[in-house]
Amino acid sequence: MTAETEAAASTTGSCCSPAGSCHSEGPADVQVGSVTTVYKVSGMTCGHCEGAVSGEIGEIAGVGSVKAVAATGEVTVVSAAPLDEEAVRAAVDEAGFELVGRA
């Protein structure tokens with residue numbers, strides 16, 4: 001590995017996370033004065049899928065944190081206020097998956 005590619009690898013990690021891991025550890029962060037909603041998403045199979053879904057939902061205004069779990073198909077979203085389900089559906093669709101509904 002050259003110094004240039006080594007530096008790039010150390011700053012970007014893998015396609016799944018900066019730490020190079022496809023899975024996050026621990027529960028989703030809970031914020032005071034927030035709404036937690038769990039959605040079912042079909043088609044996620046790995047950490048890369050989790051990251052794609054989390055990234056798209058995380059772009060919705062008011063979203064504080066997102067935790068997607070491919071093994072269960074559940075996506076936990078913590079937001080400042082209840083989210084418009086169509087906005088969540090559009091974000092999941094943009095990531096290439098299907099929103100089944102609330103868990």
# chains A, B, ... in the order shown; residues from 1 in each chain; ligands from 1
call {"tool": "residues_around", "arguments": {"residues": "A:Ser65", "least_positions_apart": "4", "cutoff": "12 Å", "atoms": "only C-alpha atoms", "output": "list in words"}}
result
Pro27, Ala28, Asp29, Val30, Gln31, Ser34, Val35, Thr36, Thr37, Val38, Val53, Ser54, Gly55, Glu56, Ile57, Gly58, Glu59, Ile60, Ala61, Val75, Thr76, Val77, Val78, Ser79 and Ala80 of chain A
call {"tool": "residues_around", "arguments": {"residues": "A:Arg89", "least_positions_apart": "5", "cutoff": "10 Å", "atoms": "only C-alpha atoms", "output": "list in words"}}
result
Tyr39, Val41, Ile57, Asp84, Glu94, Ala95, Phe97, Glu98, Leu99, Val100 and Gly101 of chain A
